[in-house]
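Peer 1: As input, take work.txt (compact mmCIF, C-alpha atoms and all ligand atoms):
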```txt
# COMPACT_ATOMS: atom_id res chain seq x y z
CA MET A 1 115.54 146.16 111.96
CA ASP A 2 112.55 144.17 110.67
CA ILE A 3 113.74 140.59 110.69
CA SER A 4 116.54 138.52 112.22
CA VAL A 5 117.09 135.02 110.88
CA VAL A 6 118.94 132.86 113.42
CA ILE A 7 120.68 129.75 112.07
CA PRO A 8 122.88 127.32 114.02
CA VAL A 9 125.45 125.60 111.84
CA TYR A 10 127.76 122.77 112.72
CA ASN A 11 129.90 121.31 109.96
CA GLU A 12 127.82 122.66 107.10
CA GLU A 13 130.61 123.97 104.83
CA LYS A 14 128.91 122.87 101.61
CA ASN A 15 125.52 124.23 102.62
CA VAL A 16 126.13 127.75 103.89
CA SER A 17 126.77 129.54 100.60
CA ILE A 18 123.70 127.98 98.94
CA LEU A 19 121.69 128.87 102.02
CA ILE A 20 122.77 132.51 101.88
CA ASP A 21 121.92 132.65 98.17
CA LYS A 22 118.45 131.36 98.91
CA LEU A 23 117.99 133.84 101.74
CA MET A 24 119.02 136.74 99.51
CA SER A 25 116.31 135.87 97.03
CA SER A 26 113.63 134.96 99.56
CA SER A 27 110.47 136.96 98.85
CA GLY A 28 109.82 137.37 102.58
CA LEU A 29 113.05 139.34 103.02
CA VAL A 30 113.30 141.35 99.80
CA GLY A 31 112.78 145.05 100.49
CA LYS A 32 112.98 144.58 104.27
CA GLU A 33 115.69 145.49 106.70
CA TRP A 34 117.02 142.13 107.82
CA GLU A 35 120.03 140.31 109.20
CA VAL A 36 121.06 136.69 109.35
CA ILE A 37 122.87 135.55 112.47
CA LEU A 38 124.81 132.37 111.85
CA ILE A 39 126.09 130.60 114.90
CA ASP A 40 129.04 128.39 114.06
CA ASP A 41 128.68 125.81 116.79
CA GLY A 42 132.34 124.76 116.94
CA SER A 43 132.53 123.33 113.43
CA ILE A 44 135.65 121.32 112.63
CA ASP A 45 135.34 121.65 108.85
CA GLY A 46 135.63 124.80 106.74
CA THR A 47 132.28 126.30 107.83
CA PHE A 48 133.73 129.29 109.65
CA SER A 49 136.11 130.39 106.89
CA GLU A 50 133.29 129.93 104.37
CA LEU A 51 131.11 132.22 106.51
CA GLN A 52 133.86 134.85 106.84
CA HIS A 53 134.27 134.74 103.09
CA LEU A 54 130.52 135.28 102.56
CA LYS A 55 130.42 138.13 105.06
CA GLU A 56 132.90 140.14 102.98
CA LYS A 57 130.26 140.45 100.27
CA ILE A 58 127.06 140.39 102.27
CA PRO A 59 126.61 142.96 105.04
CA GLN A 60 123.47 141.31 106.45
CA ILE A 61 125.56 138.41 107.74
CA LYS A 62 126.56 138.30 111.40
CA ILE A 63 128.62 135.43 112.72
CA ILE A 64 128.86 134.10 116.24
CA HIS A 65 131.75 131.70 116.49
CA PHE A 66 131.66 129.13 119.31
CA GLY A 67 135.00 127.65 120.39
CA ILE A 68 133.40 124.29 121.15
CA ASN A 69 130.36 122.36 119.99
CA ALA A 70 127.94 123.71 122.60
CA GLY A 71 124.71 122.49 120.99
CA LYS A 72 121.66 124.02 119.42
CA ALA A 73 120.19 125.48 122.61
CA ALA A 74 123.34 127.48 123.31
CA ALA A 75 123.42 128.60 119.68
CA TYR A 76 119.82 129.84 119.84
CA SER A 77 120.42 131.63 123.15
CA ALA A 78 123.38 133.52 121.71
CA GLY A 79 121.50 134.29 118.50
CA PHE A 80 118.36 135.54 120.26
CA GLN A 81 120.35 137.83 122.52
CA LEU A 82 122.19 139.39 119.62
CA ALA A 83 119.17 139.65 117.32
CA SER A 84 117.72 143.09 116.80
CA GLY A 85 114.81 142.32 114.48
CA ASN A 86 111.18 142.82 115.49
CA VAL A 87 110.56 139.33 114.17
CA ILE A 88 112.97 136.52 114.88
CA LEU A 89 113.04 133.52 112.56
CA THR A 90 114.90 130.28 113.11
CA MET A 91 115.80 127.61 110.60
CA ASP A 92 118.38 124.89 110.11
CA GLY A 93 121.52 125.48 108.09
CA ASP A 94 121.40 122.21 106.18
CA LEU A 95 118.94 123.32 103.43
CA GLN A 96 116.19 121.07 104.82
CA ASP A 97 114.16 124.25 105.35
CA ASP A 98 113.56 126.50 102.36
CA PRO A 99 113.96 130.28 102.82
CA ALA A 100 111.33 130.73 100.09
CA GLU A 101 108.74 129.79 102.73
CA ILE A 102 109.66 132.67 105.05
CA SER A 103 106.89 134.85 103.62
CA SER A 104 104.18 132.39 104.77
CA PHE A 105 105.57 132.57 108.29
CA LEU A 106 105.54 136.36 108.21
CA SER A 107 101.99 136.59 106.90
CA THR A 108 100.76 134.18 109.59
CA LEU A 109 102.48 136.31 112.24
CA ALA A 110 100.86 139.40 110.77
CA LYS A 111 97.46 137.78 111.28
CA GLY A 112 97.99 137.91 115.03
CA ALA A 113 100.06 134.90 116.06
CA ASP A 114 102.96 135.44 118.46
CA LEU A 115 104.82 132.36 117.32
CA VAL A 116 104.44 130.36 114.12
CA VAL A 117 105.95 126.89 113.93
CA GLY A 118 106.39 124.76 110.83
CA TRP A 119 104.93 121.31 110.42
CA LYS A 120 106.93 118.95 108.22
CA TYR A 121 103.75 117.17 107.31
CA LYS A 122 105.38 114.79 104.87
CA GLY A 123 107.34 113.19 107.69
CA LYS A 124 110.95 113.43 108.69
CA GLY A 125 112.65 110.75 106.65
CA SER A 126 112.78 107.15 107.83
CA THR A 127 109.82 105.59 109.65
CA GLY A 128 112.27 104.86 112.48
CA LYS A 129 112.17 108.61 113.09
CA THR A 130 108.58 109.46 112.06
CA ILE A 131 106.68 107.01 114.23
CA PRO A 132 108.42 107.88 117.52
CA SER A 133 108.09 111.54 116.56
CA LYS A 134 104.31 111.11 116.04
CA ILE A 135 103.91 109.38 119.39
CA PHE A 136 106.02 112.02 121.09
CA ASN A 137 104.10 114.93 119.59
CA SER A 138 100.70 113.41 120.44
CA LEU A 139 101.82 112.83 124.02
CA LEU A 140 103.00 116.42 124.23
CA SER A 141 99.65 117.68 122.87
CA ILE A 142 97.68 115.67 125.41
CA LEU A 143 99.85 116.67 128.34
CA THR A 144 100.19 120.34 127.52
CA GLY A 145 96.99 121.21 125.67
CA LEU A 146 98.90 122.79 122.78
CA LYS A 147 97.60 121.25 119.57
CA ILE A 148 100.53 121.22 117.18
CA ASN A 149 102.01 118.37 115.17
CA ASP A 150 105.70 119.13 115.13
CA SER A 151 107.05 120.73 118.29
CA ASN A 152 110.66 120.18 117.25
CA CYS A 153 110.40 121.75 113.79
CA PRO A 154 113.38 124.11 113.50
CA PHE A 155 111.57 126.43 111.09
CA ARG A 156 109.77 129.00 113.25
CA ALA A 157 109.03 132.69 113.44
CA MET A 158 108.23 134.68 116.54
CA LYS A 159 107.83 138.18 117.78
CA LYS A 160 110.95 139.62 119.37
CA GLU A 161 109.48 139.53 122.90
CA VAL A 162 108.82 135.82 122.64
CA ALA A 163 112.38 134.94 121.64
CA LYS A 164 113.98 137.31 124.13
CA GLY A 165 111.96 135.82 126.99
CA LEU A 166 112.93 132.21 126.26
CA ASN A 167 115.36 130.54 128.61
CA ILE A 168 116.63 127.53 126.70
CA TYR A 169 119.40 125.13 127.57
CA GLY A 170 120.03 121.41 127.13
CA ASP A 171 117.40 120.04 124.79
CA LEU A 172 114.68 122.54 125.60
CA TYR A 173 114.82 124.12 122.15
CA ARG A 174 112.61 121.27 120.97
CA PHE A 175 109.83 122.69 123.12
CA ILE A 176 110.06 126.33 122.07
CA PRO A 177 106.40 126.46 120.87
CA TYR A 178 105.22 124.99 124.14
CA LEU A 179 107.45 127.25 126.27
CA ALA A 180 105.90 130.25 124.50
CA PHE A 181 102.38 128.82 124.80
CA GLN A 182 102.59 128.36 128.56
CA LYS A 183 103.53 132.03 128.87
CA GLY A 184 100.25 132.90 127.19
CA TYR A 185 101.52 133.57 123.68
CA LYS A 186 99.41 132.58 120.69
CA VAL A 187 101.05 129.70 118.86
CA THR A 188 100.02 128.75 115.31
CA GLU A 189 101.26 126.07 112.95
CA ILE A 190 101.77 126.11 109.17
CA LYS A 191 102.68 123.26 106.84
CA VAL A 192 106.20 123.34 105.43
CA GLU A 193 108.12 121.16 103.02
CA ASN A 194 110.92 118.95 104.23
CA TYR A 195 113.82 118.64 101.83
CA PRO A 196 116.37 115.84 102.08
CA ARG A 197 119.89 116.68 103.15
CA GLN A 198 122.25 116.90 100.17
CA PHE A 199 125.56 117.67 101.81
CA GLY A 200 126.98 116.75 105.18
CA SER A 201 125.35 114.41 107.67
CA SER A 202 122.67 114.56 110.35
CA LYS A 203 124.11 115.39 113.74
CA TYR A 204 121.48 113.51 115.70
CA GLY A 205 120.98 109.77 115.81
CA ILE A 206 118.34 107.52 117.30
CA SER A 207 119.60 108.43 120.81
CA ARG A 208 117.47 111.55 120.83
CA LEU A 209 114.31 109.45 121.08
CA PHE A 210 115.37 108.18 124.47
CA ASN A 211 116.28 111.64 125.64
CA GLY A 212 112.83 112.83 124.56
CA VAL A 213 111.07 111.27 127.53
CA MET A 214 113.39 112.96 129.99
CA ASP A 215 113.06 116.28 128.19
CA LEU A 216 109.31 115.98 128.39
CA MET A 217 109.51 115.43 132.14
CA THR A 218 111.81 118.42 132.48
CA VAL A 219 109.60 120.73 130.50
CA LEU A 220 106.41 119.70 132.30
CA PHE A 221 108.10 120.04 135.66
CA ILE A 222 109.69 123.42 135.06
CA SER A 223 106.60 124.89 133.50
CA ARG A 224 104.35 123.87 136.41
CA TYR A 225 106.54 123.80 139.46
CA SER A 226 109.70 125.81 138.83
CA LYS A 227 108.33 128.66 140.94
CA ARG A 228 106.91 126.41 143.69
CA PRO A 229 108.93 123.18 143.97
CA LEU A 230 107.63 122.42 147.46
CA HIS A 231 104.17 121.88 145.98
CA PHE A 232 105.59 119.10 143.83
CA PHE A 233 107.70 117.37 146.46
CA GLY A 234 105.72 118.34 149.53
CA ILE A 235 102.47 116.48 148.83
CA PRO A 236 103.94 112.98 148.38
CA GLY A 237 106.43 113.85 151.13
CA LEU A 238 103.75 114.73 153.66
CA ALA A 239 101.62 111.74 152.65
CA ALA A 240 104.55 109.35 153.19
CA LEU A 241 105.52 111.00 156.44
CA PHE A 242 102.02 110.81 157.95
CA LEU A 243 101.41 107.27 156.79
CA GLY A 244 104.74 106.11 158.21
CA PHE A 245 104.11 107.95 161.45
CA PHE A 246 100.64 106.43 161.96
CA ILE A 247 101.81 102.91 161.15
CA ASP A 248 104.68 103.08 163.61
CA ALA A 249 102.71 104.93 166.27
CA PHE A 250 100.03 102.26 166.05
CA LEU A 251 102.62 99.47 166.43
CA VAL A 252 104.37 101.16 169.33
CA LEU A 253 101.16 101.91 171.23
CA LYS A 254 99.85 98.40 170.62
CA GLY A 255 103.15 96.91 171.81
CA PHE A 256 103.30 99.16 174.84
CA PHE A 257 99.78 98.73 176.13
CA ILE A 258 98.58 95.40 174.79
CA THR A 259 101.07 92.83 173.58
CA GLY A 260 104.20 93.93 175.46
CA LYS A 261 106.41 93.74 172.36
CA ILE A 262 106.38 95.66 169.10
CA GLY A 263 106.54 92.76 166.61
CA HIS A 264 105.27 93.08 162.99
CA THR A 265 108.84 93.58 161.70
CA ALA A 266 107.87 94.11 158.05
CA LEU A 267 105.25 96.72 158.87
CA LEU A 268 107.62 98.45 161.26
CA ILE A 269 110.31 98.73 158.57
CA MET A 270 107.78 100.03 156.08
CA GLY A 271 106.72 102.72 158.53
CA VAL A 272 110.31 103.78 159.15
CA MET A 273 111.02 103.88 155.41
CA LEU A 274 107.97 105.99 154.74
CA ILE A 275 109.03 108.46 157.41
CA ILE A 276 112.54 108.73 155.92
CA ILE A 277 111.24 109.09 152.36
CA GLY A 278 108.75 111.71 153.49
CA ILE A 279 111.42 113.81 155.20
CA GLN A 280 113.66 113.47 152.12
CA PHE A 281 110.92 114.70 149.79
CA ILE A 282 110.01 117.65 151.99
CA SER A 283 113.69 118.62 152.31
CA LEU A 284 114.12 118.44 148.54
CA GLY A 285 111.13 120.71 148.09
CA LEU A 286 112.47 123.19 150.63
CA LEU A 287 115.89 123.16 148.94
CA GLY A 288 114.10 123.89 145.68
CA GLU A 289 112.31 126.83 147.31
CA LEU A 290 115.69 128.21 148.42
CA LEU A 291 116.88 128.08 144.81
CA VAL A 292 113.79 129.91 143.60
CA THR A 293 114.16 132.62 146.26
CA ALA A 294 117.79 133.15 145.33
CA LYS A 295 116.84 134.11 141.76
CA THR A 296 115.63 137.63 141.14
CA ILE A 297 112.72 137.74 138.71
CA GLU A 298 113.42 139.95 135.74
CA LEU A 299 110.97 141.49 133.32
CA LYS A 300 111.85 138.94 130.65
CA ASP A 301 110.83 136.08 132.98
CA LEU A 302 107.27 137.37 133.23
CA PRO A 303 104.51 136.55 130.74
CA ILE A 304 104.31 140.10 129.39
CA LYS A 305 102.62 140.52 126.03
CA ASP A 306 102.58 144.30 125.75
CA ILE A 307 103.41 147.24 127.94
CA VAL A 308 101.23 150.30 127.32
CA ARG A 309 102.78 153.48 128.66
N1 LIG A 401 123.60 121.80 114.68
C1 LIG A 401 124.31 122.63 115.53
N2 LIG A 401 124.95 122.07 116.60
C2 LIG A 401 124.92 120.73 116.83
C3 LIG A 401 124.16 119.91 115.98
C4 LIG A 401 123.51 120.48 114.91
O1 LIG A 401 124.36 123.84 115.34
O2 LIG A 401 125.53 120.29 117.80
C5 LIG A 401 122.87 122.41 113.52
C6 LIG A 401 123.15 121.76 112.19
O3 LIG A 401 124.28 122.32 111.55
C7 LIG A 401 121.87 122.06 111.43
C8 LIG A 401 120.82 122.00 112.53
O4 LIG A 401 121.50 122.22 113.75
O5 LIG A 401 121.90 123.37 110.88
C9 LIG A 401 120.07 120.67 112.56
O6 LIG A 401 120.95 119.60 112.60
P1 LIG A 401 120.73 118.27 111.75
O7 LIG A 401 120.36 118.59 110.33
O8 LIG A 401 121.91 117.41 111.96
O9 LIG A 401 119.46 117.63 112.49
P2 LIG A 401 118.27 116.80 111.80
O10 LIG A 401 117.77 117.58 110.62
O11 LIG A 401 118.83 115.50 111.44
O12 LIG A 401 117.24 116.74 112.88
MG MG A 402 118.69 118.47 109.21
```
What does this structure look like when you write it as structure tokens?

Peer 2:
Amino acid sequence: MDISVVIPVYNEEKNVSILIDKLMSSSGLVGKEWEVILIDDGSIDGTFSELQHLKEKIPQIKIIHFGINAGKAAAYSAGFQLASGNVILTMDGDLQDDPAEISSFLSTLAKGADLVVGWKYKGKGSTGKTIPSKIFNSLLSILTGLKINDSNCPFRAMKKEVAKGLNIYGDLYRFIPYLAFQKGYKVTEIKVENYPRQFGSSKYGISRLFNGVMDLMTVLFISRYSKRPLHFFGIPGLAALFLGFFIDAFLVLKGFFITGKIGHTALLIMGVMLIIIGIQFISLGLLGELLVTAKTIELKDLPIKDIVR
């Protein structure tokens, strides 16, 4: 199989048949062996029956039907595991991405990239969405060193190994280019068009902007410290512990040998608090280490680019 196109759909009954038509005539797919994996993410409209209907005529269609609305990350995970193409493409099912552009993704991959991500350079609709998105993407570039403009663009293509090695849950799918980059894969960006939605409605509101900050923290933390949590918690923990210990030791010794009473209530409490906080942090780090030890590392968790036998 050459190409797998993975598309999460949630309440897109009016869009799926047009989408499939566009895929069938996409120049990137014509003449290739390809499949499209549509993940119906618990739709409550007619999406699933529409998909079943389409599948009767089109053998390239594969459907994964979720019983509940599990979210895009779950949909991608299922799709990536089932995909058998050497190249795995993702796009949205709402016609905001145009299958006609698939060929540009493929040619950029062929030039040596491991992952190609789209950049909706004309902005994503209202300024209420574009400005926060700009700020967010610049922050991500500065913090991670990956210079791309649109980390969350759903239109992407990657080599099979990249997709199969991704471990995405929650909102991590927005960081797919970065997750690949920190494993040493070459990430490139190409400009894509952004078409307005014609049918159905956007599933995400303004709330995602607030979640973005937390997602950023998660992704930075897991990429740097997920294999050594004690290094994250241990340093502030030890610093607090030592500082607290010295403050209180000083007060106790001074009280014992010089003044006869401990005194300095505020300082004493601060010392005790620092000691408690320090022990808490170190314990958290050690708990984290236990979690890491409990997980066996598999081949797909390692930053392998090629294996030459
Ligand atoms: N989607 C999904 N599960 C969800 C929400 C969305 O599979 O819980 C799909 C949706 O059908 C669409 C894509 O994810 O194909 C992007 O969603 P949407 O167009 O609502 O997001 P936006 O373009 O507004 O960012
Ligand atoms: Mg959309």

Peer 1: What is the distance between atom CA of A:Leu115 and atom CA of A:Phe175, in Å to one decimal?

Peer 2: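 Atom CA of A:Leu115 sits 12.3 Å away from atom CA of A:Phe175.
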
Peer 1: Kindly provide the residues of stretch 79-100 of chain A that approach stretch 25-44 of chain A to within 8 Å, each paired with its closest atom pair and their distance in Å to one decimal, based on only C-alpha atoms, listed by chain and increasing number, as a tab-separated table.

Peer 2:
```
residue	atom	partner	partner_atom	distance
A:Gly79	CA	A:Ile37	CA	6.3
A:Ala83	CA	A:Ile37	CA	7.3
A:Gly85	CA	A:Trp34	CA	7.0
A:Pro99	CA	A:Ser26	CA	5.7
A:Ala100	CA	A:Ser26	CA	4.8
```

Peer 1: For a test of reading the model, state the distance in Å between atom CA of A:Phe210 and atom CA of A:Glu12, rounded to one decimal.

Peer 2: 25.8 Å

Peer 1: Counting all atoms listed in the file, which residue out of A:Asn211, A:Thr293, A:Asn86, A:Ser49 sits closest to A:Ser226?

Peer 2: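 Selected residue with least distance to A:Ser226: A:Thr293.
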
Peer 1: Excluding A:Ile277 and any residue of its chain fewer than 3 positions from it, enumerate the residues within 8 Å of it, using all atoms listed in the file, and give them as a list in words.

Peer 2: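 Listing them by chain and then by number gives Gly237, Ala240, Leu241, Met273, Leu274, Gln280 and Phe281 of chain A.
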
Peer 1: Could you work out how far atom CA of A:Tyr225 lies from atom CA of A:Phe245, giving the answer in Å with one decimal?

Peer 2: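 Going from atom CA of A:Phe245 over to atom CA of A:Tyr225 covers 27.2 Å.
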
Peer 1: Pick the closest to A:Ile262 from A:Phe250, A:Gly46, A:Leu51, A:Ala110: which is it, counting only C-alpha atoms?

Peer 2: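 Closest candidate: A:Phe250.
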
Peer 1: Just checking: using all atoms listed in the file, which residue out of A:Val5, A:Ala266, A:Leu238, A:Ile135 ends up closest to A:Pro154?

Peer 2: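 Nearest to A:Pro154: A:Val5.
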
Peer 1: Which residue, A:Phe233, A:Phe246, A:Tyr173, A:Phe136, has the smallest gap to A:Gly71 when you use all atoms listed in the file?

Peer 2: A:Tyr173
